[in-house]
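As provided, my_file-v3.txt (compact mmCIF, C-alpha atoms and all ligand atoms) reads as follows.
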```
# COMPACT_ATOMS: atom_id res chain seq x y z
CA MET G 1 -55.09 76.29 -37.59
CA GLY G 2 -57.70 76.11 -34.83
CA ASP G 3 -55.07 74.84 -32.40
CA SER G 4 -52.99 78.03 -32.27
CA PRO G 5 -53.01 79.60 -28.76
CA ARG G 6 -54.95 82.80 -28.13
CA PRO G 7 -52.88 85.96 -27.86
CA LEU G 8 -51.78 86.44 -24.26
CA SER G 9 -53.56 89.30 -22.54
CA VAL G 10 -51.57 88.92 -19.29
CA PRO G 11 -48.09 87.45 -19.35
CA ILE G 12 -48.06 84.05 -17.62
CA PRO G 13 -45.48 84.17 -14.84
CA ALA G 14 -42.85 81.46 -14.46
CA VAL G 15 -44.49 78.43 -12.81
CA ASP G 16 -41.69 77.88 -10.29
CA LYS G 17 -41.61 81.53 -9.18
CA ALA G 18 -45.19 82.80 -9.33
CA ASP G 19 -47.62 82.81 -6.51
CA ARG G 20 -50.38 80.23 -7.19
CA SER G 21 -53.32 82.62 -7.33
CA GLU G 22 -51.37 85.01 -9.56
CA LEU G 23 -50.64 82.11 -11.90
CA LEU G 24 -54.29 81.00 -11.93
CA ARG G 25 -55.47 84.56 -12.70
CA ALA G 26 -52.99 84.84 -15.56
CA LEU G 27 -54.10 81.47 -16.97
CA GLU G 28 -57.78 82.48 -16.71
CA SER G 29 -57.07 85.78 -18.38
CA SER G 30 -55.18 84.06 -21.21
CA LEU G 31 -57.97 81.55 -21.74
CA GLY G 32 -60.61 84.27 -21.64
CA SER G 33 -62.73 82.80 -18.83
CA SER G 34 -62.41 81.99 -15.16
CA PHE G 35 -62.06 78.44 -13.80
CA SER G 36 -65.27 77.02 -12.42
CA SER G 37 -65.41 75.01 -9.21
CA GLU G 38 -68.70 73.40 -10.29
CA PRO G 39 -68.53 69.59 -10.67
CA LEU G 40 -67.41 68.63 -14.18
CA ILE G 41 -70.04 65.90 -14.37
CA PRO G 42 -73.50 65.79 -12.79
CA ASN G 43 -74.21 63.49 -9.86
CA PRO G 44 -74.88 59.92 -10.99
CA ASN G 45 -78.54 58.93 -11.31
CA PRO G 46 -80.14 57.06 -8.41
CA LEU G 47 -79.66 53.39 -9.14
CA ILE G 48 -82.10 50.54 -8.66
CA ILE G 49 -80.22 47.41 -7.64
CA VAL G 50 -82.17 44.17 -7.79
CA ILE G 51 -80.63 41.39 -5.69
CA SER G 52 -82.01 37.96 -6.41
CA GLY G 53 -81.09 34.30 -6.22
CA PRO G 54 -82.47 30.93 -5.18
CA SER G 55 -83.95 30.42 -1.73
CA GLY G 56 -81.32 30.09 1.00
CA VAL G 57 -78.45 31.46 -1.07
CA GLY G 58 -77.93 34.33 1.38
CA LYS G 59 -79.86 37.29 -0.05
CA ASP G 60 -80.83 38.55 3.41
CA ALA G 61 -77.34 37.91 4.79
CA VAL G 62 -75.73 39.93 1.96
CA ILE G 63 -78.28 42.72 2.25
CA ASN G 64 -77.86 42.98 6.02
CA LYS G 65 -74.09 43.39 5.61
CA LEU G 66 -74.57 45.90 2.81
CA ARG G 67 -76.77 47.91 5.12
CA GLU G 68 -73.87 48.22 7.58
CA ALA G 69 -71.24 48.80 4.91
CA ARG G 70 -72.72 51.50 2.72
CA GLU G 71 -74.66 54.71 3.17
CA GLY G 72 -77.06 56.29 0.67
CA LEU G 73 -78.93 53.03 0.05
CA HIS G 74 -82.62 52.55 0.66
CA PHE G 75 -83.61 48.94 1.25
CA VAL G 76 -87.13 48.39 0.06
CA VAL G 77 -89.27 46.42 2.45
CA THR G 78 -91.42 43.83 0.69
CA ALA G 79 -95.03 43.33 1.71
CA THR G 80 -95.95 39.70 2.33
CA SER G 81 -98.92 37.68 3.48
CA ARG G 82 -96.67 34.97 4.95
CA ALA G 83 -96.31 34.41 8.69
CA LYS G 84 -93.46 36.09 10.52
CA ARG G 85 -90.40 33.89 11.25
CA PRO G 86 -88.79 34.08 14.69
CA GLY G 87 -86.60 37.17 14.92
CA GLU G 88 -88.24 38.97 11.99
CA VAL G 89 -89.51 42.48 12.60
CA ASP G 90 -92.53 44.04 10.87
CA GLY G 91 -91.46 47.05 8.78
CA ARG G 92 -87.80 46.01 8.84
CA ASP G 93 -87.73 42.51 7.31
CA TYR G 94 -91.15 42.63 5.64
CA TYR G 95 -94.46 44.42 5.98
CA PHE G 96 -96.53 41.54 7.30
CA VAL G 97 -100.09 41.99 6.03
CA THR G 98 -103.16 39.80 5.80
CA ARG G 99 -104.25 38.38 2.44
CA GLU G 100 -107.13 40.88 2.42
CA GLU G 101 -104.80 43.82 3.06
CA PHE G 102 -102.52 42.56 0.31
CA GLN G 103 -105.46 42.36 -2.07
CA SER G 104 -106.38 46.00 -1.35
CA MET G 105 -102.80 47.10 -2.11
CA VAL G 106 -103.07 45.34 -5.48
CA GLU G 107 -106.42 47.00 -6.21
CA ARG G 108 -105.03 50.45 -5.36
CA ASP G 109 -102.08 49.84 -7.75
CA GLU G 110 -99.62 50.40 -4.91
CA LEU G 111 -97.27 47.56 -5.88
CA LEU G 112 -94.52 47.64 -8.48
CA GLU G 113 -94.88 43.87 -8.89
CA TYR G 114 -96.34 41.06 -6.87
CA ALA G 115 -96.56 37.29 -7.01
CA LEU G 116 -97.72 34.23 -5.19
CA VAL G 117 -94.53 32.61 -3.86
CA TYR G 118 -94.68 29.21 -2.13
CA GLY G 119 -98.34 29.89 -1.32
CA ASP G 120 -97.84 33.40 0.06
CA TYR G 121 -98.16 36.80 -1.61
CA LYS G 122 -95.11 39.03 -1.89
CA GLY G 123 -95.05 42.46 -3.47
CA ILE G 124 -92.98 45.64 -3.73
CA PRO G 125 -94.63 48.88 -2.59
CA LYS G 126 -93.89 51.75 -5.02
CA GLN G 127 -94.33 54.77 -2.79
CA LYS G 128 -91.12 54.52 -0.75
CA ILE G 129 -89.05 53.86 -3.88
CA ARG G 130 -90.26 57.11 -5.44
CA GLU G 131 -89.75 59.02 -2.23
CA TYR G 132 -86.16 57.83 -1.70
CA MET G 133 -85.13 58.13 -5.35
CA GLY G 134 -86.35 61.73 -5.17
CA LYS G 135 -83.91 62.26 -2.29
CA GLY G 136 -81.05 60.79 -4.34
CA TYR G 137 -80.84 57.39 -2.63
CA ASP G 138 -79.96 54.21 -4.48
CA ILE G 139 -82.64 51.58 -4.12
CA VAL G 140 -82.01 47.94 -3.20
CA LEU G 141 -84.72 45.43 -4.00
CA ARG G 142 -84.55 41.87 -2.70
CA VAL G 143 -86.67 39.56 -4.79
CA ASP G 144 -86.87 35.89 -5.69
CA ILE G 145 -86.10 34.85 -9.24
CA GLN G 146 -89.74 34.99 -10.30
CA GLY G 147 -89.87 38.60 -9.04
CA ALA G 148 -86.61 39.47 -10.81
CA GLN G 149 -88.01 38.15 -14.11
CA THR G 150 -91.10 40.33 -13.71
CA LEU G 151 -89.02 43.38 -12.71
CA ARG G 152 -86.81 42.90 -15.77
CA LYS G 153 -89.93 43.13 -17.93
CA ILE G 154 -91.11 46.27 -16.10
CA LEU G 155 -87.76 48.06 -15.67
CA GLY G 156 -85.74 46.66 -18.60
CA ASN G 157 -82.15 47.90 -18.48
CA SER G 158 -83.02 50.85 -16.27
CA ALA G 159 -82.12 48.76 -13.19
CA VAL G 160 -79.10 46.58 -12.43
CA PHE G 161 -79.82 42.91 -11.75
CA ILE G 162 -77.49 40.85 -9.54
CA PHE G 163 -77.83 37.06 -9.27
CA LEU G 164 -76.51 35.59 -6.04
CA VAL G 165 -75.41 31.93 -6.08
CA ALA G 166 -73.85 29.51 -3.64
CA GLU G 167 -70.59 27.86 -4.67
CA SER G 168 -72.36 24.54 -5.28
CA GLU G 169 -75.78 22.94 -5.12
CA MET G 170 -74.69 21.01 -2.04
CA ALA G 171 -73.67 24.22 -0.26
CA MET G 172 -77.01 25.81 -1.06
CA VAL G 173 -78.98 22.82 0.26
CA GLU G 174 -76.89 22.62 3.43
CA ARG G 175 -77.49 26.32 4.12
CA LEU G 176 -81.22 25.91 3.70
CA VAL G 177 -81.27 22.83 5.95
CA ASP G 178 -79.11 24.48 8.63
CA ARG G 179 -81.36 27.55 8.73
CA LYS G 180 -84.09 25.27 10.18
CA THR G 181 -86.97 27.45 8.96
CA GLU G 182 -88.48 24.96 6.50
CA THR G 183 -90.58 21.83 6.81
CA ALA G 184 -89.46 18.74 4.88
CA GLU G 185 -92.08 19.47 2.19
CA SER G 186 -91.14 23.10 1.73
CA LEU G 187 -87.44 22.15 1.63
CA LEU G 188 -88.20 19.81 -1.25
CA VAL G 189 -90.13 22.49 -3.15
CA ARG G 190 -87.44 25.13 -2.58
CA ILE G 191 -84.61 22.86 -3.68
CA ALA G 192 -86.47 21.66 -6.79
CA THR G 193 -87.31 25.28 -7.65
CA ALA G 194 -83.72 26.41 -7.07
CA ARG G 195 -82.50 23.82 -9.59
CA GLU G 196 -84.75 25.35 -12.22
CA GLU G 197 -83.98 28.92 -11.20
CA VAL G 198 -80.24 28.73 -11.83
CA LYS G 199 -81.16 28.42 -15.52
CA HIS G 200 -82.42 32.03 -15.49
CA LEU G 201 -78.95 33.43 -14.90
CA ASN G 202 -78.79 34.82 -18.45
CA SER G 203 -81.33 37.54 -17.82
CA PHE G 204 -79.14 39.11 -15.09
CA ASP G 205 -76.33 41.67 -15.44
CA TYR G 206 -73.96 40.30 -12.79
CA VAL G 207 -73.44 37.07 -10.86
CA VAL G 208 -71.98 37.04 -7.34
CA VAL G 209 -70.88 33.82 -5.63
CA ASN G 210 -71.71 33.79 -1.93
CA ALA G 211 -69.42 30.97 -0.80
CA LYS G 212 -69.51 29.41 2.65
CA GLY G 213 -67.69 31.62 5.17
CA LYS G 214 -67.03 34.22 2.43
CA LEU G 215 -69.99 36.53 2.99
CA GLU G 216 -67.73 39.61 3.22
CA LYS G 217 -66.25 38.84 -0.19
CA ALA G 218 -69.71 38.64 -1.75
CA VAL G 219 -70.72 41.95 -0.14
CA THR G 220 -67.52 43.65 -1.34
CA LEU G 221 -68.24 42.50 -4.88
CA VAL G 222 -71.80 43.87 -4.71
CA GLU G 223 -70.36 47.20 -3.51
CA SER G 224 -67.88 47.21 -6.39
CA ILE G 225 -70.71 46.61 -8.85
CA ILE G 226 -72.55 49.62 -7.43
CA GLU G 227 -69.38 51.74 -7.70
CA ALA G 228 -68.83 50.66 -11.30
CA GLU G 229 -72.45 51.41 -12.20
CA LYS G 230 -72.10 54.89 -10.66
CA ALA G 231 -69.03 55.51 -12.84
CA LYS G 232 -70.79 54.61 -16.11
CA VAL G 233 -70.80 57.28 -18.79
CA TRP G 234 -74.21 56.11 -19.99
CA GLN G 235 -76.21 55.99 -16.78
CA ARG G 236 -79.24 53.80 -16.26
CA SER G 237 -82.26 55.96 -15.61
CA ALA G 238 -85.15 54.31 -13.81
CA VAL G 239 -88.62 55.80 -13.45
CA ILE G 240 -91.07 54.15 -11.06
N1 LIG G 301 -71.50 33.11 2.91
C1 LIG G 301 -72.19 32.43 3.83
N2 LIG G 301 -71.56 31.48 4.57
C2 LIG G 301 -72.23 30.77 5.49
N3 LIG G 301 -73.54 30.89 5.78
C3 LIG G 301 -74.24 31.82 5.08
C4 LIG G 301 -73.59 32.63 4.07
N4 LIG G 301 -74.54 33.44 3.53
C5 LIG G 301 -75.69 33.15 4.17
N5 LIG G 301 -75.52 32.19 5.10
C6 LIG G 301 -76.55 31.59 5.97
O1 LIG G 301 -77.40 30.82 5.12
C7 LIG G 301 -78.77 30.87 5.56
C8 LIG G 301 -79.65 31.38 4.42
O2 LIG G 301 -79.35 32.75 4.16
P1 LIG G 301 -80.49 33.84 3.93
O3 LIG G 301 -81.62 33.66 4.89
O4 LIG G 301 -79.80 35.16 3.87
O5 LIG G 301 -80.96 33.38 2.46
P2 LIG G 301 -82.07 34.00 1.50
O6 LIG G 301 -81.50 33.93 0.13
O7 LIG G 301 -82.45 35.34 2.01
O8 LIG G 301 -83.23 32.92 1.66
P3 LIG G 301 -84.83 33.03 1.34
O9 LIG G 301 -84.96 33.45 -0.08
O10 LIG G 301 -85.31 31.62 1.57
O11 LIG G 301 -85.39 34.00 2.35
C9 LIG G 301 -78.79 31.80 6.77
O12 LIG G 301 -78.78 31.01 7.93
C10 LIG G 301 -77.50 32.61 6.62
O13 LIG G 301 -76.98 33.04 7.87
```

Show me the file's structure as structure tokens.
Amino acid sequence: MGDSPRPLSVPIPAVDKADRSELLRALESSLGSSFSSEPLIPNPNPLIIVISGPSGVGKDAVINKLREAREGLHFVVTATSRAKRPGEVDGRDYYFVTREEFQSMVERDELLEYALVYGDYKGIPKQKIREYMGKGYDIVLRVDIQGAQTLRKILGNSAVFIFLVAESEMAMVERLVDRKTETAESLLVRIATAREEVKHLNSFDYVVVNAKGKLEKAVTLVESIIEAEKAKVWQRSAVI
């Protein structure tokens, strides 16, 4: 019953003969309303993407490539009390602050989460996240596993969590050794920690293998995850 067509108010011209706009007008008139050019679905919500993984797995390498590959992303700069490594730039790689400055940020509730990692403080400033989400940017957070666990508690399913792994334990250790940024002691701590950390995989949404020489592949997969998340009917909706 309800499926019967409405009575035609304007005859619909033959599709192969009619001029396009004439045809559209006739269709609109028959349907009783004009066709809207407004988007059929609203813009997807800004996404918070948490990229984590054991030390040396290639988080920075993946994020640096992602920066080149994709627009509309805001990469949150972590504040840290650790010393700058050669080549690192304040405000780009980290905000390098003193322990006292870090403490004041904690007291002023300026950090989304913070932790003591390998003897140094690391924390995520909230202000820029709010600012960029307001402008419609997707937010990329780079955190260690401890940070990801805390963020999961704070953000729940409102953010997407990606776990980056090397193809094998040997590959991960080699990468860390070849980077030449660690002392023998800190290498030992990082490797022992990494062994434990792989066990936390279950609390993540996606896992991406960053295999030796296959950085591009890992980055492409991260981009695909972002695309898929943007196409979800039920969007995640994060509030910072
Ligand atoms: N797919 C890859 N193939 C080969 N080398 C890689 C790959 N990904 C990263 N690397 C190299 O491995 C080393 C460690 O990577 P990176 O510094 O990005 O790790 P990280 O996860 O950010 O480490 P940390 O948590 O200790 O800061 C770097 O020298 C980087 O260039």

Atom CA of G:Arg108 to atom CA of G:Ala79, distance in Å rounded to a single decimal: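 Computing the Euclidean distance for atom CA of G:Arg108 and atom CA of G:Ala79 yields 14.2 Å.
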
Ligand LIG 301 (chain G) neighbours within 6 Å using only C-alpha atoms and all ligand atoms, as a ChimeraX atom specification: /G:55-61,175-176,179,210-215

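For stretch 139-143 of chain G, the non-local neighbours within 6 Å, defined as residues at least 3 positions apart in the same chain or in other chains and counting only C-alpha atoms, are Ile48, Ile49, Val50, Ile51, Ser52, Leu73, His74, Phe75, Val76 and Gly147 of chain G.
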
Minimum-distance residue to G:Ala218, chosen among G:Arg20, G:Lys65, G:Lys180, G:Lys84 (using all atoms listed in the file):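 Looking at the shortest contact to G:Ala218, the residue is G:Lys65.
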
Residue neighbourhood G:Val208, 12 Å, only C-alpha atoms, exclusion window fewer than 3 positions, as a PyMOL selection string: chain G and resi 51-53+57-59+62+161-167+201+204-205+211+214-225

Emit the selected residues as an mmCIF file, in the coordinates of the input, including C-alpha atoms.
```
data_model
loop_
_atom_site.group_PDB
_atom_site.id
_atom_site.type_symbol
_atom_site.label_atom_id
_atom_site.label_comp_id
_atom_site.auth_asym_id
_atom_site.auth_seq_id
_atom_site.Cartn_x
_atom_site.Cartn_y
_atom_site.Cartn_z
ATOM 1 C CA ILE G 51 -80.630 41.390 -5.690
ATOM 2 C CA SER G 52 -82.010 37.960 -6.410
ATOM 3 C CA GLY G 53 -81.090 34.300 -6.220
ATOM 4 C CA VAL G 57 -78.450 31.460 -1.070
ATOM 5 C CA GLY G 58 -77.930 34.330 1.380
ATOM 6 C CA LYS G 59 -79.860 37.290 -0.050
ATOM 7 C CA VAL G 62 -75.730 39.930 1.960
ATOM 8 C CA PHE G 161 -79.820 42.910 -11.750
ATOM 9 C CA ILE G 162 -77.490 40.850 -9.540
ATOM 10 C CA PHE G 163 -77.830 37.060 -9.270
ATOM 11 C CA LEU G 164 -76.510 35.590 -6.040
ATOM 12 C CA VAL G 165 -75.410 31.930 -6.080
ATOM 13 C CA ALA G 166 -73.850 29.510 -3.640
ATOM 14 C CA GLU G 167 -70.590 27.860 -4.670
ATOM 15 C CA LEU G 201 -78.950 33.430 -14.900
ATOM 16 C CA PHE G 204 -79.140 39.110 -15.090
ATOM 17 C CA ASP G 205 -76.330 41.670 -15.440
ATOM 18 C CA ALA G 211 -69.420 30.970 -0.800
ATOM 19 C CA LYS G 214 -67.030 34.220 2.430
ATOM 20 C CA LEU G 215 -69.990 36.530 2.990
ATOM 21 C CA GLU G 216 -67.730 39.610 3.220
ATOM 22 C CA LYS G 217 -66.250 38.840 -0.190
ATOM 23 C CA ALA G 218 -69.710 38.640 -1.750
ATOM 24 C CA VAL G 219 -70.720 41.950 -0.140
ATOM 25 C CA THR G 220 -67.520 43.650 -1.340
ATOM 26 C CA LEU G 221 -68.240 42.500 -4.880
ATOM 27 C CA VAL G 222 -71.800 43.870 -4.710
ATOM 28 C CA GLU G 223 -70.360 47.200 -3.510
ATOM 29 C CA SER G 224 -67.880 47.210 -6.390
ATOM 30 C CA ILE G 225 -70.710 46.610 -8.850
#
```

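Among the candidates G:Val10, G:Met133, G:Ala83, G:Met172, the residue lying nearest to G:Asp120 is G:Ala83 (atoms considered: all atoms listed in the file).
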
What are the centre and edge lengths in Å, to one decimal, of the axis-aligned box around all listed atoms of stretch 218-225 of chain G with 4 Å added on each side, as JSON?
```
{"center_x": -69.7, "center_y": 42.9, "center_z": -4.5, "size_x": 12.3, "size_y": 16.6, "size_z": 16.7}
```

Might you pull out every residue within 8 Å of stretch 185-195 of chain G, with only C-alpha atoms counted and same-chain residues fewer than 2 positions away left off, and present them as a PDB file with C-alpha atoms, keeping the file's coordinate frame?
```
ATOM      1  CA  PRO G  54     -82.470  30.930  -5.180  1.00  0.00           C
ATOM      2  CA  SER G  55     -83.950  30.420  -1.730  1.00  0.00           C
ATOM      3  CA  VAL G 173     -78.980  22.820   0.260  1.00  0.00           C
ATOM      4  CA  LEU G 176     -81.220  25.910   3.700  1.00  0.00           C
ATOM      5  CA  VAL G 177     -81.270  22.830   5.950  1.00  0.00           C
ATOM      6  CA  GLU G 182     -88.480  24.960   6.500  1.00  0.00           C
ATOM      7  CA  THR G 183     -90.580  21.830   6.810  1.00  0.00           C
ATOM      8  CA  GLU G 197     -83.980  28.920 -11.200  1.00  0.00           C
ATOM      9  CA  VAL G 198     -80.240  28.730 -11.830  1.00  0.00           C
ATOM     10  CA  LYS G 199     -81.160  28.420 -15.520  1.00  0.00           C
TER      11      LYS G 199
END
```
